[in-house]
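A short write-up of the structure that comes next.
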Amino acid sequence: MRVLITGHEGYIGAVMAPMFRDEGLDVVGLDSGLFVDCDFGSQPSGIPGIRRDLRDVTAADLEGFDAVIHLAAISNDPLGNLNPDCTYAINHRASIHLAKCAKEAGVGRYLYSSSCSVYGAASPDDVLDENAAFSPVTPYAESKVMVEADLAPLADDDFCPVYLRNATVYGVSPRLRGDLVVNNLVGWALTTGQVFLKSDGSPWRPLVHVEDVCRAFLAALRAPREVVFNQPFNVGRTGETFRIIEVANMVAERIEGSRVEIAEGAGPDPRCYRVNFEKIERELPGYDPSWTVAKGVAQLDEAYRTIGLTKEDLEGSRYLRIARIQELLDQKKLDQDLRFVDAGDSP
């Protein structure tokens, strides 16, 4: 099977691409190169790739592929809020453009990396399955809802879209994201002694390790067409939904000498949702998640100590997506549409 992974140099893609290659798939990546040199520990494995802005993809780029796995996106809420229209241009309109190009090129399966953030502001009393109402609270989450709605009409006998709604991801990657909640809490605990919460810690959040996300995509790629055709799947693991304060306490227990601290005047984060994962566990037998948050906290602790992570690292552009984009904007290497200004700026 020949597979194209967009965003293969990003946080999830840098784990997924080599995993899929090791599983015997013929993997090619497509990435704009925004995060070149933002490596954690070691450089991502050498996967052949197409250097292309998602908005400029053509059907010719996708000819000969059996599947497209679409990860590339403006990937967190603060960055989405920096330029909402650009978020919609890349996350929504370019995702649909990519899908149409894939269909035109004869690509049979299109796996879309959606998010449990589509559920947004939900009652903590409800455990949400794939039929739950959407309630997005950020441009990032809204863009995911819009893509799912516009992909569905493209489904037919020759084109099979699948929507994988990832829980909040954590864990070590060659392209680490320090802004994700578990990654961030462990980093701050280790470098400052504070497990620092910007909210009051009360919101619920489903959590999933980056390797388990990759296993979910692999299972959806290999599943019979009738099982996944035009279907959404919440990606996570039963029993791995926690209040943020519970995660903070796990981190404090692991990092000796650290303590939980809540920002002065902090209130509840509006992003609060509990999610049901029975569908993916029942209908995708190839999906076998193996990580827990406690194990992930230990993995991050060990990895951070190995590279000698510092507080400055956590606040810098290497591991913070919004800081990296702002740096490129300040250097005038990117324009306001997040395109490289000239060929010399594009890696």
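Labeling convention for the structure tokens: chains A, B, ... as they appear, residues from 1 per chain, ligands from 1 in order of appearance.
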* To do: Using only C-alpha atoms, determine which residues lie at most 12 Å from Leu190 in chain A, disregarding the query and same-chain residues fewer than 3 positions distant; provide the list as an MDAnalysis selection string.
  => chainID A and resid 183:187 193:196 251:259 297:298 300:306 308:311 314
* Hey, what does DSSP flag as helix (DSSP H, G or I) within range 48-206 of chain A? Can you give it to me as a ChimeraX atom specification? -> /A:54-56,59-62,77-82,84-104,116-119,139-154,181-192
Atoms to include: C-alpha atoms. Write the selected residues as an mmCIF file, in the first residue's frame.
data_model
loop_
_atom_site.group_PDB
_atom_site.id
_atom_site.type_symbol
_atom_site.label_atom_id
_atom_site.label_comp_id
_atom_site.auth_asym_id
_atom_site.auth_seq_id
_atom_site.Cartn_x
_atom_site.Cartn_y
_atom_site.Cartn_z
ATOM 1 C CA LEU A 54 -1.160 22.307 1.525
ATOM 2 C CA ARG A 55 -3.020 25.020 -0.373
ATOM 3 C CA ASP A 56 -0.933 24.378 -3.495
ATOM 4 C CA ALA A 59 -4.140 16.026 -8.220
ATOM 5 C CA ALA A 60 -0.871 15.197 -9.975
ATOM 6 C CA ASP A 61 0.904 15.256 -6.587
ATOM 7 C CA LEU A 62 -1.418 12.482 -5.380
ATOM 8 C CA ASP A 77 -5.909 26.982 19.737
ATOM 9 C CA PRO A 78 -3.630 29.983 20.474
ATOM 10 C CA LEU A 79 -2.135 29.731 16.998
ATOM 11 C CA GLY A 80 -5.613 29.458 15.511
ATOM 12 C CA ASN A 81 -6.653 32.598 17.353
ATOM 13 C CA LEU A 82 -3.577 34.454 16.051
ATOM 14 C CA PRO A 84 -8.543 32.872 12.434
ATOM 15 C CA ASP A 85 -9.054 33.384 8.697
ATOM 16 C CA CYS A 86 -5.726 31.737 7.944
ATOM 17 C CA THR A 87 -6.751 28.868 10.218
ATOM 18 C CA TYR A 88 -9.900 28.355 8.160
ATOM 19 C CA ALA A 89 -7.965 28.713 4.891
ATOM 20 C CA ILE A 90 -5.511 25.974 5.858
ATOM 21 C CA ASN A 91 -7.484 23.724 8.196
ATOM 22 C CA HIS A 92 -10.806 23.845 6.362
ATOM 23 C CA ARG A 93 -10.581 25.007 2.765
ATOM 24 C CA ALA A 94 -7.204 23.412 2.016
ATOM 25 C CA SER A 95 -8.337 20.138 3.619
ATOM 26 C CA ILE A 96 -11.315 19.977 1.279
ATOM 27 C CA HIS A 97 -9.136 21.003 -1.657
ATOM 28 C CA LEU A 98 -6.780 18.149 -0.775
ATOM 29 C CA ALA A 99 -9.669 15.701 -0.588
ATOM 30 C CA LYS A 100 -10.992 16.748 -3.992
ATOM 31 C CA CYS A 101 -7.526 16.393 -5.494
ATOM 32 C CA ALA A 102 -7.209 12.949 -3.907
ATOM 33 C CA LYS A 103 -10.554 11.873 -5.331
ATOM 34 C CA GLU A 104 -9.608 13.185 -8.770
ATOM 35 C CA CYS A 116 -12.450 15.557 20.184
ATOM 36 C CA SER A 117 -12.324 19.338 20.579
ATOM 37 C CA VAL A 118 -15.330 19.394 18.228
ATOM 38 C CA TYR A 119 -17.366 18.565 21.357
ATOM 39 C CA PRO A 139 -11.391 28.474 15.329
ATOM 40 C CA TYR A 140 -9.316 25.275 15.399
ATOM 41 C CA ALA A 141 -12.248 23.185 16.609
ATOM 42 C CA GLU A 142 -14.702 24.961 14.296
ATOM 43 C CA SER A 143 -12.479 24.158 11.320
ATOM 44 C CA LYS A 144 -12.589 20.458 12.224
ATOM 45 C CA VAL A 145 -16.399 20.511 12.293
ATOM 46 C CA MET A 146 -16.493 22.256 8.913
ATOM 47 C CA VAL A 147 -14.155 19.736 7.288
ATOM 48 C CA GLU A 148 -16.171 16.761 8.487
ATOM 49 C CA ALA A 149 -19.358 18.351 7.105
ATOM 50 C CA ASP A 150 -17.806 19.080 3.705
ATOM 51 C CA LEU A 151 -16.002 15.758 3.342
ATOM 52 C CA ALA A 152 -19.121 13.643 3.776
ATOM 53 C CA PRO A 153 -20.718 14.604 0.400
ATOM 54 C CA LEU A 154 -17.540 13.484 -1.396
ATOM 55 C CA VAL A 181 -1.241 19.757 28.460
ATOM 56 C CA VAL A 182 0.576 16.620 29.696
ATOM 57 C CA ASN A 183 3.806 17.509 27.897
ATOM 58 C CA ASN A 184 3.629 21.009 29.330
ATOM 59 C CA LEU A 185 2.860 20.050 32.917
ATOM 60 C CA VAL A 186 5.717 17.540 33.042
ATOM 61 C CA GLY A 187 8.128 20.063 31.535
ATOM 62 C CA TRP A 188 7.254 22.804 34.004
ATOM 63 C CA ALA A 189 7.375 20.435 36.958
ATOM 64 C CA LEU A 190 10.834 19.240 36.010
ATOM 65 C CA THR A 191 12.353 22.627 35.172
ATOM 66 C CA THR A 192 10.681 24.877 37.768
#
* **Residue with smallest distance to Gly33 in chain A - pool A:Asp212, A:Met19, A:Gly236, A:Arg324, counting only C-alpha atoms** => A:Arg324
* Pick out the residues sitting within 6 Å of His209 in chain A, and hand them over as number ranges by chain; count only C-alpha atoms, and ignore anything fewer than 2 positions along from it in its own chain. => A: 169-171, 211-212
* To do: Name the closest residue to Val68 in chain A among the candidates A:Leu221, A:Ala294, A:Leu34, A:Val3; distances are taken between atoms, counting only C-alpha atoms.
  =>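 Using only C-alpha atoms, Val68 in chain A sits closest to A:Val3.
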* To do: Using CA of Arg52 in chain A and CA of Ala72 in chain A as the two end points, give the distance in Å to one decimal.
  =>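 Taking CA of Arg52 in chain A as the start and CA of Ala72 in chain A as the end point, the length is 11.2 Å.
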* Would you mind listing what lies within 7 Å of range 239-249 of chain A as a ChimeraX atom specification, with only C-alpha atoms counted and same-chain residues fewer than 4 positions away left out? => /A:185,195,201-207,253,260,274,292
Please write the residues from the selection above to a file, keeping N, CA and C atoms, as a PDB file, in the first residue's frame.
ATOM      1  N   LEU A 185       2.833  20.175  31.462  1.00  0.00           N
ATOM      2  CA  LEU A 185       2.860  20.050  32.917  1.00  0.00           C
ATOM      3  C   LEU A 185       4.114  19.319  33.389  1.00  0.00           C
ATOM      4  N   VAL A 195       3.955  22.439  39.009  1.00  0.00           N
ATOM      5  CA  VAL A 195       2.998  21.860  38.069  1.00  0.00           C
ATOM      6  C   VAL A 195       1.937  22.941  37.905  1.00  0.00           C
ATOM      7  N   GLY A 201      -8.324  23.740  36.940  1.00  0.00           N
ATOM      8  CA  GLY A 201      -8.107  22.296  36.974  1.00  0.00           C
ATOM      9  C   GLY A 201      -9.358  21.458  36.941  1.00  0.00           C
ATOM     10  N   SER A 202     -10.529  22.095  36.906  1.00  0.00           N
ATOM     11  CA  SER A 202     -11.780  21.334  36.982  1.00  0.00           C
ATOM     12  C   SER A 202     -12.229  20.691  35.667  1.00  0.00           C
ATOM     13  N   PRO A 203     -11.857  21.227  34.483  1.00  0.00           N
ATOM     14  CA  PRO A 203     -12.373  20.651  33.238  1.00  0.00           C
ATOM     15  C   PRO A 203     -11.916  19.206  33.015  1.00  0.00           C
ATOM     16  N   TRP A 204     -12.791  18.448  32.364  1.00  0.00           N
ATOM     17  CA  TRP A 204     -12.462  17.086  31.944  1.00  0.00           C
ATOM     18  C   TRP A 204     -11.782  17.120  30.588  1.00  0.00           C
ATOM     19  N   ARG A 205     -10.859  16.199  30.392  1.00  0.00           N
ATOM     20  CA  ARG A 205     -10.190  16.109  29.092  1.00  0.00           C
ATOM     21  C   ARG A 205      -9.804  14.659  28.820  1.00  0.00           C
ATOM     22  N   PRO A 206     -10.218  14.105  27.660  1.00  0.00           N
ATOM     23  CA  PRO A 206      -9.730  12.780  27.252  1.00  0.00           C
ATOM     24  C   PRO A 206      -8.313  12.906  26.717  1.00  0.00           C
ATOM     25  N   LEU A 207      -7.468  11.940  27.038  1.00  0.00           N
ATOM     26  CA  LEU A 207      -6.047  12.021  26.691  1.00  0.00           C
ATOM     27  C   LEU A 207      -5.609  10.743  25.979  1.00  0.00           C
ATOM     28  N   GLU A 253       3.272  13.696  41.621  1.00  0.00           N
ATOM     29  CA  GLU A 253       3.672  12.442  42.259  1.00  0.00           C
ATOM     30  C   GLU A 253       4.919  11.868  41.601  1.00  0.00           C
ATOM     31  N   VAL A 260       1.743  21.280  42.824  1.00  0.00           N
ATOM     32  CA  VAL A 260       0.706  21.834  41.960  1.00  0.00           C
ATOM     33  C   VAL A 260       0.430  23.276  42.367  1.00  0.00           C
ATOM     34  N   ARG A 274     -16.110  14.892  28.219  1.00  0.00           N
ATOM     35  CA  ARG A 274     -15.788  13.488  28.486  1.00  0.00           C
ATOM     36  C   ARG A 274     -16.262  12.685  27.287  1.00  0.00           C
ATOM     37  N   THR A 292      -0.979   4.619  29.047  1.00  0.00           N
ATOM     38  CA  THR A 292      -1.786   5.345  30.015  1.00  0.00           C
ATOM     39  C   THR A 292      -1.095   6.685  30.280  1.00  0.00           C
TER      40      THR A 292
END
* Two-atom distance - CA of Ser113 in chain A, CA of His70 in chain A (Å) ->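 Atom-to-atom, CA of Ser113 in chain A and CA of His70 in chain A are spaced 6.0 Å apart.
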* Asked: Restricting the calculation to only C-alpha atoms, which member of A:Tyr110, A:Phe20, A:Phe217, A:Phe340 is positioned closest to Phe233 in chain A?
  ->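 Checking each of A:Tyr110, A:Phe20, A:Phe217, A:Phe340 against Phe233 in chain A, counting only C-alpha atoms, the winner is A:Phe217.
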* To do: as an NGL selection string, list the residues of range 98-330 of chain A assigned to strand (DSSP E or B) by DSSP on the backbone atoms of this structure.
  => :A and (109-115 or 121 or 127-128 or 156 or 159-166 or 168-170 or 194-197 or 204-209 or 231-235 or 241-243 or 259-262 or 272 or 274-275)
* Close residues, range 158-162 of chain A itself excluded, 8 Å, only C-alpha atoms, min 5 positions apart in chain, as a ChimeraX atom specification -> /A:103,106-112,151-152,220,225,228-232
Would you export the selected residues with N, CA and C atoms as a PDB file, in the first residue's frame, please?
ATOM      1  N   LYS A 103      -9.483  12.588  -4.617  1.00  0.00           N
ATOM      2  CA  LYS A 103     -10.554  11.873  -5.331  1.00  0.00           C
ATOM      3  C   LYS A 103     -10.303  11.898  -6.831  1.00  0.00           C
ATOM      4  N   GLY A 106      -7.758   9.422  -7.930  1.00  0.00           N
ATOM      5  CA  GLY A 106      -8.089   8.015  -7.762  1.00  0.00           C
ATOM      6  C   GLY A 106      -7.656   7.415  -6.435  1.00  0.00           C
ATOM      7  N   VAL A 107      -7.386   8.268  -5.440  1.00  0.00           N
ATOM      8  CA  VAL A 107      -7.035   7.778  -4.105  1.00  0.00           C
ATOM      9  C   VAL A 107      -8.290   7.194  -3.459  1.00  0.00           C
ATOM     10  N   GLY A 108      -8.191   5.966  -2.955  1.00  0.00           N
ATOM     11  CA  GLY A 108      -9.376   5.282  -2.461  1.00  0.00           C
ATOM     12  C   GLY A 108      -9.780   5.645  -1.049  1.00  0.00           C
ATOM     13  N   ARG A 109      -8.817   5.931  -0.175  1.00  0.00           N
ATOM     14  CA  ARG A 109      -9.144   6.150   1.241  1.00  0.00           C
ATOM     15  C   ARG A 109      -8.487   7.445   1.733  1.00  0.00           C
ATOM     16  N   TYR A 110      -9.266   8.231   2.479  1.00  0.00           N
ATOM     17  CA  TYR A 110      -8.829   9.536   2.968  1.00  0.00           C
ATOM     18  C   TYR A 110      -9.090   9.579   4.464  1.00  0.00           C
ATOM     19  N   LEU A 111      -8.026   9.465   5.250  1.00  0.00           N
ATOM     20  CA  LEU A 111      -8.155   9.468   6.703  1.00  0.00           C
ATOM     21  C   LEU A 111      -7.879  10.878   7.212  1.00  0.00           C
ATOM     22  N   TYR A 112      -8.896  11.466   7.820  1.00  0.00           N
ATOM     23  CA  TYR A 112      -8.801  12.849   8.266  1.00  0.00           C
ATOM     24  C   TYR A 112      -8.585  12.916   9.767  1.00  0.00           C
ATOM     25  N   LEU A 151     -16.559  17.002   3.882  1.00  0.00           N
ATOM     26  CA  LEU A 151     -16.002  15.758   3.342  1.00  0.00           C
ATOM     27  C   LEU A 151     -17.095  14.736   3.045  1.00  0.00           C
ATOM     28  N   ALA A 152     -18.095  14.688   3.888  1.00  0.00           N
ATOM     29  CA  ALA A 152     -19.121  13.643   3.776  1.00  0.00           C
ATOM     30  C   ALA A 152     -19.759  13.569   2.388  1.00  0.00           C
ATOM     31  N   ALA A 220      -7.474   1.962  11.013  1.00  0.00           N
ATOM     32  CA  ALA A 220      -8.482   2.470  10.075  1.00  0.00           C
ATOM     33  C   ALA A 220      -8.037   2.293   8.632  1.00  0.00           C
ATOM     34  N   ARG A 225     -13.412  -1.804   4.109  1.00  0.00           N
ATOM     35  CA  ARG A 225     -14.014  -0.540   3.707  1.00  0.00           C
ATOM     36  C   ARG A 225     -15.382  -0.320   4.348  1.00  0.00           C
ATOM     37  N   VAL A 228     -15.352   1.320   7.901  1.00  0.00           N
ATOM     38  CA  VAL A 228     -14.919   2.702   8.132  1.00  0.00           C
ATOM     39  C   VAL A 228     -15.526   3.705   7.169  1.00  0.00           C
ATOM     40  N   PHE A 229     -16.266   3.276   6.178  1.00  0.00           N
ATOM     41  CA  PHE A 229     -16.748   4.172   5.127  1.00  0.00           C
ATOM     42  C   PHE A 229     -17.547   5.338   5.705  1.00  0.00           C
ATOM     43  N   ASN A 230     -17.010   6.568   5.538  1.00  0.00           N
ATOM     44  CA  ASN A 230     -17.685   7.802   5.941  1.00  0.00           C
ATOM     45  C   ASN A 230     -18.043   7.810   7.425  1.00  0.00           C
ATOM     46  N   GLN A 231     -17.182   7.183   8.237  1.00  0.00           N
ATOM     47  CA  GLN A 231     -17.478   7.013   9.656  1.00  0.00           C
ATOM     48  C   GLN A 231     -16.545   7.846  10.538  1.00  0.00           C
ATOM     49  N   PRO A 232     -17.073   8.412  11.633  1.00  0.00           N
ATOM     50  CA  PRO A 232     -16.223   9.044  12.641  1.00  0.00           C
ATOM     51  C   PRO A 232     -15.855   8.050  13.739  1.00  0.00           C
TER      52      PRO A 232
END
